[in-house]
Every structure is written in C-alpha cells, then in structure tokens.
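Participant: To be precise about what I am sending: the file is called run04.txt and holds compact mmCIF, C-alpha atoms.
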```
# COMPACT_ATOMS: atom_id res chain seq x y z
CA MET A 1 0.41 -10.56 -39.10
CA GLU A 2 0.94 -7.04 -37.72
CA THR A 3 -2.35 -7.22 -35.79
CA ASP A 4 -1.25 -10.50 -34.15
CA GLY A 5 1.70 -8.65 -32.60
CA LEU A 6 -0.58 -5.78 -31.65
CA ASP A 7 -3.09 -8.18 -30.09
CA GLN A 8 -0.25 -9.85 -28.18
CA LYS A 9 0.95 -6.45 -26.91
CA ILE A 10 -2.59 -5.58 -25.83
CA ASN A 11 -2.96 -8.97 -24.09
CA ASP A 12 0.44 -8.51 -22.41
CA SER A 13 -0.58 -5.02 -21.30
CA LEU A 14 -3.86 -6.30 -19.87
CA HIS A 15 -2.04 -9.11 -18.07
CA LYS A 16 0.42 -6.66 -16.58
CA LEU A 17 -2.41 -4.33 -15.56
CA ILE A 18 -4.22 -7.23 -13.84
CA GLU A 19 -0.98 -8.28 -12.13
CA GLY A 20 -0.44 -4.66 -11.05
CA ARG A 21 -3.93 -4.49 -9.59
CA LYS A 22 -3.26 -7.75 -7.72
CA LEU A 23 -0.04 -6.29 -6.31
CA GLN A 24 -1.94 -3.11 -5.37
CA GLN A 25 -4.53 -5.23 -3.52
CA GLU A 26 -1.78 -7.08 -1.68
CA ALA A 27 -0.14 -3.78 -0.74
CA ASP A 28 -3.54 -2.48 0.44
CA ALA A 29 -3.98 -5.62 2.57
CA LEU A 30 -0.53 -5.13 4.10
CA LEU A 31 -1.38 -1.51 4.81
CA ALA A 32 -4.65 -2.59 6.48
CA GLU A 33 -2.76 -5.10 8.63
CA ALA A 34 -0.25 -2.43 9.59
CA ASP A 35 -3.08 -0.03 10.48
CA ALA A 36 -4.71 -2.71 12.66
CA ALA A 37 -1.40 -3.42 14.40
CA TYR A 38 -0.92 0.30 14.91
CA LYS A 39 -4.37 0.60 16.51
CA ARG A 40 -3.71 -2.39 18.77
CA ALA A 41 -0.41 -0.88 19.80
CA GLU A 42 -2.08 2.44 20.57
CA GLU A 43 -4.65 0.63 22.72
CA ALA A 44 -1.86 -1.22 24.52
CA VAL A 45 -0.06 2.07 25.19
CA GLU A 46 -3.30 3.57 26.48
CA ASN A 47 -3.93 0.56 28.75
CA GLY A 48 -0.34 0.60 29.98
CA THR A 49 -0.53 4.31 30.68
CA GLN A 50 -3.79 3.87 32.58
CA THR A 51 -2.32 1.00 34.63
CA LEU A 52 0.78 3.06 35.34
CA LYS A 53 -1.33 6.02 36.48
CA GLU A 54 -3.44 3.80 38.72
CA ALA A 55 -0.34 2.21 40.20
CA GLU A 56 1.29 5.61 40.75
CA ASP A 57 -1.89 6.92 42.39
CA THR A 58 -2.05 3.86 44.62
CA LEU A 59 1.62 4.19 45.55
CA ALA A 60 1.15 7.88 46.36
CA THR A 61 -1.86 7.09 48.53
CA LEU A 62 0.00 4.37 50.40
CA GLN A 63 3.06 6.53 50.91
CA ASP A 64 0.87 9.35 52.27
CA PHE A 65 -0.90 6.85 54.50
CA ASP A 66 2.49 5.65 55.77
CA LYS A 67 3.49 9.22 56.72
CA LYS A 68 0.23 9.99 58.53
CA ILE A 69 -0.08 6.74 60.49
CA THR A 70 2.99 6.44 62.63
CA ALA A 71 1.22 5.41 65.80
CA GLY A 72 -0.20 2.13 64.52
CA LYS A 73 2.81 -0.04 63.69
CA MET A 74 0.70 -2.99 62.64
CA LYS A 75 -1.29 -0.94 60.16
CA ALA A 76 1.85 0.75 58.93
CA LYS A 77 3.57 -2.63 58.44
CA GLU A 78 0.57 -3.95 56.50
CA ALA A 79 0.62 -0.87 54.30
CA LEU A 80 4.38 -1.23 53.79
CA ASN A 81 3.88 -4.87 52.79
CA THR A 82 1.69 -3.75 49.88
CA ILE A 83 4.34 -1.39 48.50
CA PRO A 84 6.38 -4.18 46.83
CA ASN A 85 3.22 -5.36 45.09
CA ILE A 86 2.54 -1.85 43.90
CA GLU A 87 6.14 -1.43 42.80
CA ALA A 88 5.81 -4.72 40.93
CA LEU A 89 2.67 -3.32 39.29
CA LEU A 90 4.60 -0.17 38.41
CA LYS A 91 7.41 -2.25 36.95
CA GLU A 92 4.91 -4.34 35.00
CA ALA A 93 3.13 -1.19 33.78
CA ASN A 94 6.45 0.30 32.70
CA GLU A 95 7.31 -2.91 30.84
CA LYS A 96 3.89 -2.97 29.17
CA THR A 97 4.27 0.66 28.18
CA LYS A 98 7.74 -0.02 26.77
CA ASN A 99 6.47 -3.08 24.86
CA ALA A 100 3.51 -1.10 23.55
CA GLU A 101 5.79 1.73 22.43
CA GLU A 102 8.03 -0.79 20.64
CA ALA A 103 4.99 -2.38 18.99
CA LEU A 104 3.73 1.06 18.00
CA HIS A 105 7.10 1.88 16.47
CA GLY A 106 7.07 -1.43 14.57
CA ALA A 107 3.54 -0.73 13.35
CA GLU A 108 4.60 2.71 12.15
CA ILE A 109 7.50 1.17 10.23
CA ASN A 110 5.19 -1.50 8.72
CA ALA A 111 2.65 1.14 7.73
CA HIS A 112 5.35 3.27 6.13
CA ASN A 113 6.80 0.26 4.27
CA ALA A 114 3.37 -0.81 3.03
CA SER A 115 2.63 2.72 1.87
CA THR A 116 5.98 2.93 0.07
CA ILE A 117 5.42 -0.44 -1.62
CA ALA A 118 1.90 0.53 -2.67
CA GLN A 119 3.13 3.83 -4.14
CA THR A 120 6.02 2.14 -5.96
CA VAL A 121 3.74 -0.54 -7.46
CA HIS A 122 1.22 2.09 -8.49
CA ASN A 123 3.92 4.23 -10.16
CA GLU A 124 5.48 1.24 -11.96
CA ILE A 125 2.11 0.08 -13.28
CA ALA A 126 1.22 3.57 -14.49
CA LEU A 127 4.59 3.98 -16.23
CA LEU A 128 4.38 0.55 -17.89
CA ALA A 129 0.80 1.13 -19.06
CA SER A 130 1.77 4.55 -20.43
CA LYS A 131 4.75 3.12 -22.35
CA GLN A 132 2.68 0.29 -23.79
CA ALA A 133 -0.13 2.65 -24.76
CA GLN A 134 2.39 4.86 -26.57
CA GLU A 135 3.82 1.84 -28.43
CA ILE A 136 0.32 0.75 -29.46
CA ARG A 137 -0.50 4.31 -30.56
CA GLU A 138 2.66 4.46 -32.69
CA LYS A 139 1.97 1.06 -34.32
CA ALA A 140 -1.65 2.03 -34.98
CA GLN A 141 -0.50 5.27 -36.62
CA LYS A 142 2.00 3.34 -38.76
CA THR A 143 -0.69 0.82 -39.77
CA LYS A 144 -3.07 3.68 -40.60
CA GLN A 145 -0.40 5.28 -42.80
CA GLN A 146 0.26 1.95 -44.54
CA ALA A 147 -3.47 1.56 -45.18
CA ALA A 148 -3.63 5.10 -46.63
CA ASP A 149 -0.62 4.35 -48.86
CA LEU A 150 -2.25 1.11 -50.07
CA SER A 151 -5.49 2.99 -50.73
CA ASP A 152 -3.58 5.55 -52.83
CA GLN A 153 -1.86 2.73 -54.75
CA VAL A 154 -5.21 1.00 -55.37
CA SER A 155 -6.68 4.28 -56.63
CA ALA A 156 -3.69 4.80 -58.95
CA LEU A 157 -3.98 1.22 -60.25
CA SER A 158 -7.70 1.65 -60.76
CA VAL A 159 -7.07 4.78 -62.84
CA ALA A 160 -4.36 2.95 -64.81
CA VAL A 161 -6.69 -0.03 -65.46
CA THR A 162 -9.43 2.33 -66.60
CA GLU A 163 -7.00 4.05 -68.97
CA VAL A 164 -5.76 0.70 -70.34
CA GLN A 165 -9.36 -0.46 -70.88
CA ALA A 166 -10.15 2.80 -72.63
CA ASN A 167 -7.08 2.39 -74.88
CA LEU A 168 -8.03 -1.22 -75.65
CA GLU A 169 -11.57 -0.23 -76.56
CA GLU A 170 -10.30 2.56 -78.82
CA ASN A 171 -7.76 0.29 -80.52
CA GLY A 172 -9.76 -2.82 -80.48
```
Rewrite the structure of this file - the entire thing - as structure tokens.

Facilitator:
Amino acid sequence: METDGLDQKINDSLHKLIEGRKLQQEADALLAEADAAYKRAEEAVENGTQTLKEAEDTLATLQDFDKKITAGKMKAKEALNTIPNIEALLKEANEKTKNAEEALHGAEINAHNASTIAQTVHNEIALLASKQAQEIREKAQKTKQQAADLSDQVSALSVAVTEVQANLEENG
C-alpha cells in the first residue's frame, strides 16, 4: 500500500518534470522569436540609417550645387525642385529609423521577458523536483527502517519458536 503512494509520487514527479520541460521548450521558442525580432529590428535600423545617410549626402550635394550654380536659373530651379523629394526621403528615413528603434526596444523587452520566464520556470521545476526527491528519500528511509524492524521481529520470533520446539522435545 505504501509503495502505491510512492509510485504515485514518482509518477506525479515525472509528470511535473515533463510539464516543466515542455514549459522550458515554450520559453526557449519565445526567446528564439524575440531574438529573431531583435535581429530584424537591428537590420531595419541599419537600413534606415543607411537611407538617412544617403539622403543627407544627396541633400548636401544638392545644396552645394545650388550655391555654386547661380548663373543658370533653370538648372538651379531643377535642382531646387528635387529638394522636397530629398526632404521627403529624409522624413521617411527618420520615420523608418524611429519605427526600427521602437521595434528594437520591443524586441529587447520581449527577449528580457522570455529570459525571465525561462529562468522562473527552470527554478520552479528544480525546486519542485528537489522537494519531491527529498520526500521520496524520507519515505524510502522510513520503509527501510520498518523493514529492518520487521526483520528483527522475525528473527526474535524464530528464536522463540526454536526455544519452544526445544522445550516441547525435552518435555514431550
């Protein structure tokens, strides 16, 4: 009867360990997703920064061109007409950079949360397994002691039976 409870505890412990491993795998998957999002966000920031640099370089070139070419009004007007497009590119690049930075921040938060969850699950599983192992150890020790006590009782009874048989043979 005592081993049924022990077997149940062992089965419960194994179930909890399997469940803990499943939770650990889910936390690892969340962490992998967060890492992927973080990498995509970094790439977006890099692309946005490159676009911003290109747009700034283009704007600087056009502004320098505007200063040097004062004689040709037509050419100067054409160059000036491209400035709004470049400014729009700059605005777009700034927006992309801002969006990428926000995404990067979100990815950092997700990665941190996933890491925290994974650590918490790992710690809880380890603590639970340790407690259950201690309980099993204590029950096994108690069962071992009971078996030793029964063995001593059997030995004592065996001696008593031998003595009774000897007395019966002497008297009989």

Participant: Rounded to one decimal place, report the CA of Asp149 (chain A)-CA of Ala166 (chain A) distance in Å.

Facilitator: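 Spanning CA of Asp149 (chain A) to CA of Ala166 (chain A) is a straight-line distance of 25.7 Å.
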
Participant: Return as a tab-separated table the residues of region 91-159 of chain A lying at most 10 Å from region 4-22 of chain A, together with the closest atom-to-atom pair for each and the distance in Å to one decimal, counting all atoms listed in the file, with rows in chain order and ascending residue number.

Facilitator:
```
residue	atom	partner	partner_atom	distance
A:Val121	CA	A:Gly20	CA	6.9
A:His122	CA	A:Gly20	CA	7.4
A:Asn123	CA	A:Gly20	CA	9.9
A:Glu124	CA	A:Gly20	CA	8.4
A:Ile125	CA	A:Gly20	CA	5.8
A:Ala126	CA	A:Leu17	CA	8.8
A:Leu128	CA	A:Ser13	CA	8.2
A:Ala129	CA	A:Ser13	CA	6.7
A:Ser130	CA	A:Ser13	CA	9.9
A:Lys131	CA	A:Ser13	CA	9.8
A:Gln132	CA	A:Ser13	CA	6.7
A:Ala133	CA	A:Ser13	CA	8.4
A:Glu135	CA	A:Lys9	CA	8.9
A:Ile136	CA	A:Leu6	CA	6.9
A:Lys139	CA	A:Leu6	CA	7.8
A:Ala140	CA	A:Leu6	CA	8.6
```

Participant: So that I can check the surroundings of region 42-52 of chain A, please list as a list of chain:residue names every protein, DNA and RNA residue that reaches within 7 Å of it, counting only C-alpha atoms and ignoring chain neighbours fewer than 2 positions away.

Facilitator: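 My reading of the contact set: A:Tyr38, A:Lys39, A:Arg40, A:Glu54, A:Ala55, A:Glu56, A:Leu90, A:Ala93, A:Asn94, A:Lys96, A:Thr97, A:Ala100, A:Glu101, A:Leu104.
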
Participant: Tell me, in Å to one decimal, how far CA of Asn110 (chain A) is from CA of Glu26 (chain A).

Facilitator: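 Going from CA of Asn110 (chain A) over to CA of Glu26 (chain A) covers 13.7 Å.
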
Participant: Please measure the separation of CA of Leu31 (chain A) and CA of Gln119 (chain A), giving the value in Å to one decimal.

Facilitator: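 Here the two named atoms are 11.4 Å from each other.
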
Participant: Select, from A:Glu169, A:Asp64, A:Glu102, A:Asp57, the residue with the minimum atom-to-atom distance to Leu89 (chain A), counting all atoms listed in the file.

Facilitator: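 Ranked by minimum distance to Leu89 (chain A), first place goes to A:Asp57.
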
Participant: Here's a test: counting all atoms listed in the file, identify every protein, DNA and RNA residue with an atom at most 10 Å from (3.7, -1.5, 47.3) in the file's coordinate frame, and state them as number ranges by chain.

Facilitator: A: 55-56, 58-60, 62-63, 79-90

Participant: How about completing region 30-50 of chain A with N, CA and C atoms and giving it to me as a PDB file, in the frame of the given file?

Facilitator:
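Writing the result to rebuild_31.pdb gives the following:
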```pdb
ATOM      1  N   LEU A  30      -1.639  -5.332   3.156  1.00  0.00           N
ATOM      2  CA  LEU A  30      -0.530  -5.130   4.100  1.00  0.00           C
ATOM      3  C   LEU A  30      -0.705  -3.824   4.863  1.00  0.00           C
ATOM      4  N   LEU A  31      -1.152  -2.790   4.160  1.00  0.00           N
ATOM      5  CA  LEU A  31      -1.380  -1.510   4.810  1.00  0.00           C
ATOM      6  C   LEU A  31      -2.498  -1.633   5.847  1.00  0.00           C
ATOM      7  N   ALA A  32      -3.559  -2.385   5.531  1.00  0.00           N
ATOM      8  CA  ALA A  32      -4.650  -2.590   6.480  1.00  0.00           C
ATOM      9  C   ALA A  32      -4.171  -3.342   7.716  1.00  0.00           C
ATOM     10  N   GLU A  33      -3.322  -4.360   7.495  1.00  0.00           N
ATOM     11  CA  GLU A  33      -2.760  -5.100   8.630  1.00  0.00           C
ATOM     12  C   GLU A  33      -1.898  -4.188   9.496  1.00  0.00           C
ATOM     13  N   ALA A  34      -1.118  -3.348   8.846  1.00  0.00           N
ATOM     14  CA  ALA A  34      -0.250  -2.430   9.590  1.00  0.00           C
ATOM     15  C   ALA A  34      -1.099  -1.434  10.383  1.00  0.00           C
ATOM     16  N   ASP A  35      -2.187  -0.945   9.768  1.00  0.00           N
ATOM     17  CA  ASP A  35      -3.080  -0.030  10.480  1.00  0.00           C
ATOM     18  C   ASP A  35      -3.697  -0.713  11.701  1.00  0.00           C
ATOM     19  N   ALA A  36      -4.118  -1.971  11.536  1.00  0.00           N
ATOM     20  CA  ALA A  36      -4.710  -2.710  12.660  1.00  0.00           C
ATOM     21  C   ALA A  36      -3.684  -2.909  13.768  1.00  0.00           C
ATOM     22  N   ALA A  37      -2.458  -3.251  13.395  1.00  0.00           N
ATOM     23  CA  ALA A  37      -1.400  -3.420  14.400  1.00  0.00           C
ATOM     24  C   ALA A  37      -1.114  -2.102  15.094  1.00  0.00           C
ATOM     25  N   TYR A  38      -1.151  -1.029  14.338  1.00  0.00           N
ATOM     26  CA  TYR A  38      -0.920   0.300  14.910  1.00  0.00           C
ATOM     27  C   TYR A  38      -2.007   0.623  15.928  1.00  0.00           C
ATOM     28  N   LYS A  39      -3.263   0.329  15.591  1.00  0.00           N
ATOM     29  CA  LYS A  39      -4.370   0.600  16.510  1.00  0.00           C
ATOM     30  C   LYS A  39      -4.257  -0.252  17.774  1.00  0.00           C
ATOM     31  N   ARG A  40      -3.885  -1.534  17.588  1.00  0.00           N
ATOM     32  CA  ARG A  40      -3.710  -2.390  18.770  1.00  0.00           C
ATOM     33  C   ARG A  40      -2.588  -1.874  19.653  1.00  0.00           C
ATOM     34  N   ALA A  41      -1.540  -1.411  19.031  1.00  0.00           N
ATOM     35  CA  ALA A  41      -0.410  -0.880  19.800  1.00  0.00           C
ATOM     36  C   ALA A  41      -0.821   0.383  20.544  1.00  0.00           C
ATOM     37  N   GLU A  42      -1.607   1.225  19.896  1.00  0.00           N
ATOM     38  CA  GLU A  42      -2.080   2.440  20.570  1.00  0.00           C
ATOM     39  C   GLU A  42      -2.952   2.075  21.773  1.00  0.00           C
ATOM     40  N   GLU A  43      -3.816   1.070  21.609  1.00  0.00           N
ATOM     41  CA  GLU A  43      -4.650   0.630  22.720  1.00  0.00           C
ATOM     42  C   GLU A  43      -3.793   0.080  23.858  1.00  0.00           C
ATOM     43  N   ALA A  44      -2.753  -0.668  23.502  1.00  0.00           N
ATOM     44  CA  ALA A  44      -1.860  -1.220  24.520  1.00  0.00           C
ATOM     45  C   ALA A  44      -1.143  -0.100  25.269  1.00  0.00           C
ATOM     46  N   VAL A  45      -0.716   0.928  24.544  1.00  0.00           N
ATOM     47  CA  VAL A  45      -0.060   2.070  25.190  1.00  0.00           C
ATOM     48  C   VAL A  45      -1.048   2.753  26.132  1.00  0.00           C
ATOM     49  N   GLU A  46      -2.283   2.924  25.650  1.00  0.00           N
ATOM     50  CA  GLU A  46      -3.300   3.570  26.480  1.00  0.00           C
ATOM     51  C   GLU A  46      -3.575   2.752  27.739  1.00  0.00           C
ATOM     52  N   ASN A  47      -3.705   1.432  27.589  1.00  0.00           N
ATOM     53  CA  ASN A  47      -3.930   0.560  28.750  1.00  0.00           C
ATOM     54  C   ASN A  47      -2.745   0.597  29.702  1.00  0.00           C
ATOM     55  N   GLY A  48      -1.543   0.547  29.148  1.00  0.00           N
ATOM     56  CA  GLY A  48      -0.340   0.600  29.980  1.00  0.00           C
ATOM     57  C   GLY A  48      -0.235   1.911  30.720  1.00  0.00           C
ATOM     58  N   THR A  49      -0.564   2.995  30.044  1.00  0.00           N
ATOM     59  CA  THR A  49      -0.530   4.310  30.680  1.00  0.00           C
ATOM     60  C   THR A  49      -1.552   4.392  31.802  1.00  0.00           C
ATOM     61  N   GLN A  50      -2.745   3.853  31.551  1.00  0.00           N
ATOM     62  CA  GLN A  50      -3.790   3.870  32.580  1.00  0.00           C
ATOM     63  C   GLN A  50      -3.354   3.032  33.789  1.00  0.00           C
TER      64      GLN A  50
END
```
